[in-house]
Amino acid sequence: MVDDVGPGSIGRGQPLEGAKLTVTSKEFTEQLILGAIMGIAFQAAGAEVVDRTGIQGSVGSREAVVRGEADAGFEYTGTAWITYQGNSKPIPDPREQWLAVRDADVKNGVTWLEPSELNNTYALAMNQANFEKYGTRTLSDVAALAKSDPGAVTLCVEGEFANRADGLPGMEKTYGMNIPAGNVTQMDTGIIYTQAAKGACTYGEVFTTDGRIKSMNLVVMEDDRKFFPNYNAAPTVNSDTFKKWPAIAEVLAPVTEKLDNNVAQTLNAKVDVDGEDPHQVALDWMVEEGFVEEN
């Protein structure tokens, strides 16, 4: 990364001067933005940063940190707990979920820093017209509607969500829904938002931090039984790197603290709706927030 940035509210005294740090991320919009945010923070604190953002699939970026091929990246607590650490039941309390993940990853040579409020989990969402028609606000309401008017509940979902234990089958079980297979249409992620927006299906499976929720004015159903795992984003650092450069924690802490679903939706929309470059979106936000200054 070659951003010409210096310390703003973070990185004063250049605590990472002399460090050469490789930053990684997965390939989707939010991860590209978070990877750039982390790299820009490191640069402001004096580090030379190698950009390895955009690795395909969760496991690739994770393994890069475990093996020390990358030094750090933002990861999600739910993904670590279920996908990497092999647990089947999420922990409902976000803080306890983070603590459990942090403690379990010590033996894998991965250090988890404090989490953000940004929680990129699954949800169902509907357009304003259907919201006015059916008035559902929670997944329990959707379950009640599926009983009283089975034809009203049609779903647009990804193939993965349709088959995952922490997706549709588990959601139906938890809420006592029985949605006929004919009412469920599988499609690519991006198309789900447009189909839900125009009402082609009553409910679309969405990610809670996606910028298209805001831009398409969709109404998100509350997961009132707390079925879906917490996917709070937190910095993960190779433990050997962290021992050598413990200042990474103080550099990233104020930035992580500022991240929540509202910030994520706004930044993600700049890329997914307005067509801006993820790295530029990250840089603009870091400057606007006063974290770094452009030289």
# chains A, B, ... in the order shown; residues from 1 in each chain; ligands from 1
call {"tool": "residues_around", "arguments": {"residues": "range 132-147 of chain A", "least_positions_apart": "4", "cutoff": "6 Å", "atoms": "only C-alpha atoms", "output": "PyMOL selection string"}}
result
chain A and resi 153+177+221-223
call {"tool": "residues_around", "arguments": {"residues": "Thr194 in chain A", "least_positions_apart": "2", "cutoff": "12 Å", "atoms": "only C-alpha atoms", "output": "ChimeraX atom specification"}}
result
/A:125-127,156,187-192,196-206,212-213,215-218,273
call {"tool": "write_last_selection", "arguments": {"atoms": "C-alpha atoms", "output": "PDB file, in the first residue's frame"}}
result
ATOM      1  CA  ALA A 125     -35.789  -8.068   4.548  1.00  0.00           C
ATOM      2  CA  MET A 126     -38.821  -6.850   2.577  1.00  0.00           C
ATOM      3  CA  ASN A 127     -39.762  -3.796   0.539  1.00  0.00           C
ATOM      4  CA  CYS A 156     -35.270 -15.354  -2.228  1.00  0.00           C
ATOM      5  CA  MET A 187     -30.271 -17.096  -6.576  1.00  0.00           C
ATOM      6  CA  ASP A 188     -27.018 -15.102  -6.428  1.00  0.00           C
ATOM      7  CA  THR A 189     -26.567 -12.634  -3.581  1.00  0.00           C
ATOM      8  CA  GLY A 190     -26.768  -9.433  -5.641  1.00  0.00           C
ATOM      9  CA  ILE A 191     -30.007 -10.416  -7.370  1.00  0.00           C
ATOM     10  CA  ILE A 192     -31.739 -11.082  -4.030  1.00  0.00           C
ATOM     11  CA  ALA A 196     -36.867  -8.189  -2.768  1.00  0.00           C
ATOM     12  CA  ALA A 197     -36.918  -4.467  -3.639  1.00  0.00           C
ATOM     13  CA  LYS A 198     -39.366  -5.006  -6.493  1.00  0.00           C
ATOM     14  CA  GLY A 199     -41.421  -7.524  -4.492  1.00  0.00           C
ATOM     15  CA  ALA A 200     -40.745 -10.570  -6.683  1.00  0.00           C
ATOM     16  CA  CYS A 201     -40.375 -12.386  -3.342  1.00  0.00           C
ATOM     17  CA  THR A 202     -41.846 -11.159  -0.065  1.00  0.00           C
ATOM     18  CA  TYR A 203     -38.596 -11.660   1.853  1.00  0.00           C
ATOM     19  CA  GLY A 204     -34.984 -11.677   0.699  1.00  0.00           C
ATOM     20  CA  GLU A 205     -32.028 -13.076   2.634  1.00  0.00           C
ATOM     21  CA  VAL A 206     -29.670 -10.158   3.282  1.00  0.00           C
ATOM     22  CA  ARG A 212     -28.198  -1.935  -0.573  1.00  0.00           C
ATOM     23  CA  ILE A 213     -30.560  -2.279   2.428  1.00  0.00           C
ATOM     24  CA  SER A 215     -30.299   2.469  -0.766  1.00  0.00           C
ATOM     25  CA  MET A 216     -33.279   0.233  -1.660  1.00  0.00           C
ATOM     26  CA  ASN A 217     -35.201   1.212   1.488  1.00  0.00           C
ATOM     27  CA  LEU A 218     -35.706  -2.377   2.654  1.00  0.00           C
ATOM     28  CA  VAL A 273     -24.367   1.272  -5.180  1.00  0.00           C
TER      29      VAL A 273
END
call {"tool": "closest_residue", "arguments": {"among": "A:Thr209, A:Glu294, A:Ala165, A:Lys270", "to": "Lys89 in chain A", "atoms": "only C-alpha atoms"}}
result
A:Ala165
call {"tool": "select_by_dssp", "arguments": {"residues": "range 5-208 of chain A", "states": "helix (DSSP H, G or I)", "output": "PyMOL selection string"}}
result
chain A and resi 29-44+58-67+77-84+94-104+106-108+128-134+139-148+150-152+159-163+168-175+181-183+189-198
call {"tool": "atom_distance", "arguments": {"atom1": "CA of Ile248 in chain A", "atom2": "CA of Val110 in chain A"}}
result
13.7 Å
call {"tool": "residues_around", "arguments": {"residues": "range 58-66 of chain A", "least_positions_apart": "4", "cutoff": "9 Å", "atoms": "only C-alpha atoms", "output": "ChimeraX atom specification"}}
result
/A:23-27,52-54,70-73,75,79-80,83-84,108-110,236-239
call {"tool": "atom_distance", "arguments": {"atom1": "CA of Asp260 in chain A", "atom2": "CA of Glu69 in chain A"}}
result
28.6 Å
call {"tool": "residues_around", "arguments": {"residues": "range 166-172 of chain A", "least_positions_apart": "3", "cutoff": "9 Å", "atoms": "only C-alpha atoms", "output": "count of residues only"}}
result
19
call {"tool": "residues_around", "arguments": {"residues": "range 261-263 of chain A", "least_positions_apart": "6", "cutoff": "12 Å", "atoms": "only C-alpha atoms", "output": "PyMOL selection string"}}
result
chain A and resi 30+33-34+116-121+207-211+213-214+231-233+255+269-270+281-282+285-286+289
call {"tool": "atom_distance", "arguments": {"atom1": "CA of Asp149 in chain A", "atom2": "CA of Ala181 in chain A"}}
result
15.5 Å
call {"tool": "closest_residue", "arguments": {"among": "A:Glu158, A:Asp277, A:Glu293, A:Asp105", "to": "Ala45 in chain A", "atoms": "only C-alpha atoms"}}
result
A:Glu293
call {"tool": "select_by_dssp", "arguments": {"residues": "range 4-139 of chain A", "states": "strand (DSSP E)", "output": "tab-separated table (two decimals) with N, CA, C and O atoms, in the first residue's frame"}}
result
chain	number	residue	atom	x	y	z
A	5	VAL	N	0.07	8.91	3.91
A	5	VAL	CA	-0.67	9.34	5.10
A	5	VAL	C	0.25	9.42	6.31
A	5	VAL	O	1.25	8.72	6.40
A	6	GLY	N	-0.14	10.30	7.23
A	6	GLY	CA	0.57	10.43	8.49
A	6	GLY	C	-0.42	10.36	9.63
A	6	GLY	O	-1.63	10.27	9.42
A	7	PRO	N	0.07	10.40	10.86
A	7	PRO	CA	-0.80	10.29	12.03
A	7	PRO	C	-1.84	11.41	12.10
A	7	PRO	O	-1.55	12.57	11.78
A	20	LYS	N	7.29	-4.19	8.81
A	20	LYS	CA	6.78	-4.48	7.46
A	20	LYS	C	5.63	-5.47	7.66
A	20	LYS	O	5.85	-6.62	8.04
A	21	LEU	N	4.41	-4.98	7.49
A	21	LEU	CA	3.22	-5.77	7.84
A	21	LEU	C	2.39	-6.09	6.60
A	21	LEU	O	2.12	-5.20	5.77
A	22	THR	N	1.99	-7.35	6.48
A	22	THR	CA	1.12	-7.78	5.37
A	22	THR	C	-0.31	-7.88	5.88
A	22	THR	O	-0.59	-8.57	6.85
A	23	VAL	N	-1.19	-7.16	5.20
A	23	VAL	CA	-2.61	-7.13	5.58
A	23	VAL	C	-3.41	-7.98	4.59
A	23	VAL	O	-3.18	-7.92	3.38
A	24	THR	N	-4.34	-8.77	5.12
A	24	THR	CA	-5.16	-9.62	4.26
A	24	THR	C	-6.64	-9.34	4.47
A	24	THR	O	-7.05	-8.70	5.43
A	25	SER	N	-7.47	-9.83	3.52
A	25	SER	CA	-8.93	-9.78	3.66
A	25	SER	C	-9.53	-10.80	2.70
A	25	SER	O	-8.84	-11.33	1.83
A	26	LYS	N	-10.84	-11.03	2.86
A	26	LYS	CA	-11.58	-11.83	1.88
A	26	LYS	C	-11.90	-10.93	0.69
A	26	LYS	O	-11.51	-9.76	0.67
A	48	GLU	N	5.56	-0.17	6.91
A	48	GLU	CA	5.49	-0.43	5.47
A	48	GLU	C	4.47	-1.57	5.33
A	48	GLU	O	4.57	-2.57	6.02
A	49	VAL	N	3.48	-1.39	4.45
A	49	VAL	CA	2.38	-2.35	4.38
A	49	VAL	C	2.31	-3.04	3.02
A	49	VAL	O	2.34	-2.39	1.98
A	50	VAL	N	2.25	-4.37	3.07
A	50	VAL	CA	2.05	-5.17	1.86
A	50	VAL	C	0.56	-5.52	1.78
A	50	VAL	O	-0.04	-5.99	2.75
A	51	ASP	N	-0.04	-5.28	0.62
A	51	ASP	CA	-1.48	-5.45	0.43
A	51	ASP	C	-1.78	-6.85	-0.13
A	51	ASP	O	-1.50	-7.14	-1.29
A	52	ARG	N	-2.36	-7.71	0.74
A	52	ARG	CA	-2.82	-9.02	0.26
A	52	ARG	C	-4.32	-9.16	0.51
A	52	ARG	O	-4.81	-10.21	0.87
A	53	THR	N	-5.04	-8.05	0.31
A	53	THR	CA	-6.49	-8.08	0.46
A	53	THR	C	-7.11	-8.75	-0.76
A	53	THR	O	-6.50	-8.83	-1.82
A	54	GLY	N	-8.34	-9.24	-0.59
A	54	GLY	CA	-9.08	-9.80	-1.71
A	54	GLY	C	-8.82	-11.27	-1.97
A	54	GLY	O	-9.01	-11.76	-3.08
A	55	ILE	N	-8.40	-12.03	-0.95
A	55	ILE	CA	-8.21	-13.48	-1.10
A	55	ILE	C	-9.58	-14.16	-1.15
A	55	ILE	O	-10.45	-13.86	-0.35
A	72	ALA	N	-2.08	-9.66	9.61
A	72	ALA	CA	-3.34	-9.25	10.26
A	72	ALA	C	-4.46	-9.08	9.25
A	72	ALA	O	-4.23	-8.85	8.06
A	73	GLY	N	-5.69	-9.19	9.75
A	73	GLY	CA	-6.88	-8.94	8.95
A	73	GLY	C	-8.09	-8.89	9.86
A	73	GLY	O	-8.07	-9.39	10.97
A	74	PHE	N	-9.16	-8.27	9.38
A	74	PHE	CA	-10.42	-8.26	10.13
A	74	PHE	C	-11.15	-9.58	9.89
A	74	PHE	O	-11.27	-10.01	8.75
A	75	GLU	N	-11.61	-10.20	10.97
A	75	GLU	CA	-12.35	-11.46	10.87
A	75	GLU	C	-13.64	-11.34	11.66
A	75	GLU	O	-13.81	-10.43	12.47
A	76	TYR	N	-14.57	-12.26	11.42
A	76	TYR	CA	-15.88	-12.25	12.07
A	76	TYR	C	-15.94	-13.34	13.13
A	76	TYR	O	-15.56	-14.48	12.88
A	110	VAL	N	-3.15	-17.20	16.84
A	110	VAL	CA	-3.88	-16.03	16.37
A	110	VAL	C	-4.36	-15.22	17.58
A	110	VAL	O	-4.97	-15.76	18.49
A	111	THR	N	-4.06	-13.93	17.58
A	111	THR	CA	-4.47	-13.02	18.65
A	111	THR	C	-5.65	-12.17	18.18
A	111	THR	O	-5.55	-11.50	17.15
A	112	TRP	N	-6.74	-12.22	18.94
A	112	TRP	CA	-7.91	-11.39	18.63
A	112	TRP	C	-7.85	-10.10	19.44
A	112	TRP	O	-7.69	-10.14	20.65
A	122	TYR	N	-26.86	-12.66	9.07
A	122	TYR	CA	-27.99	-12.87	8.16
A	122	TYR	C	-29.24	-12.18	8.68
A	122	TYR	O	-29.41	-11.99	9.89
A	123	ALA	N	-30.14	-11.86	7.75
A	123	ALA	CA	-31.47	-11.36	8.12
A	123	ALA	C	-32.41	-11.57	6.94
A	123	ALA	O	-31.97	-11.86	5.82
A	124	LEU	N	-33.71	-11.43	7.19
A	124	LEU	CA	-34.70	-11.36	6.11
A	124	LEU	C	-35.15	-9.91	6.00
A	124	LEU	O	-35.32	-9.23	7.02
A	125	ALA	N	-35.35	-9.45	4.76
A	125	ALA	CA	-35.79	-8.07	4.55
A	125	ALA	C	-36.87	-8.02	3.47
A	125	ALA	O	-36.92	-8.89	2.59
A	126	MET	N	-37.73	-7.00	3.54
A	126	MET	CA	-38.82	-6.85	2.58
A	126	MET	C	-38.91	-5.39	2.12
A	126	MET	O	-38.37	-4.50	2.78
call {"tool": "closest_residue", "arguments": {"among": "A:Ala36, A:Val287, A:Met1, A:Ala234", "to": "Val101 in chain A", "atoms": "only C-alpha atoms"}}
result
A:Ala234
call {"tool": "closest_residue", "arguments": {"among": "A:Gly39, A:Val106, A:Val271, A:Ala44", "to": "Ser9 in chain A", "atoms": "only C-alpha atoms"}}
result
A:Ala44
call {"tool": "residues_around", "arguments": {"residues": "Gln97 in chain A", "least_positions_apart": "3", "cutoff": "9 Å", "atoms": "only C-alpha atoms", "output": "list of chain:residue names"}}
result
A:Thr77, A:Gly78, A:Trp81, A:Pro90, A:Ile91, A:Pro92, A:Asp93, A:Pro94, A:Ala100, A:Val101, A:Arg102, A:Pro229, A:Asn230
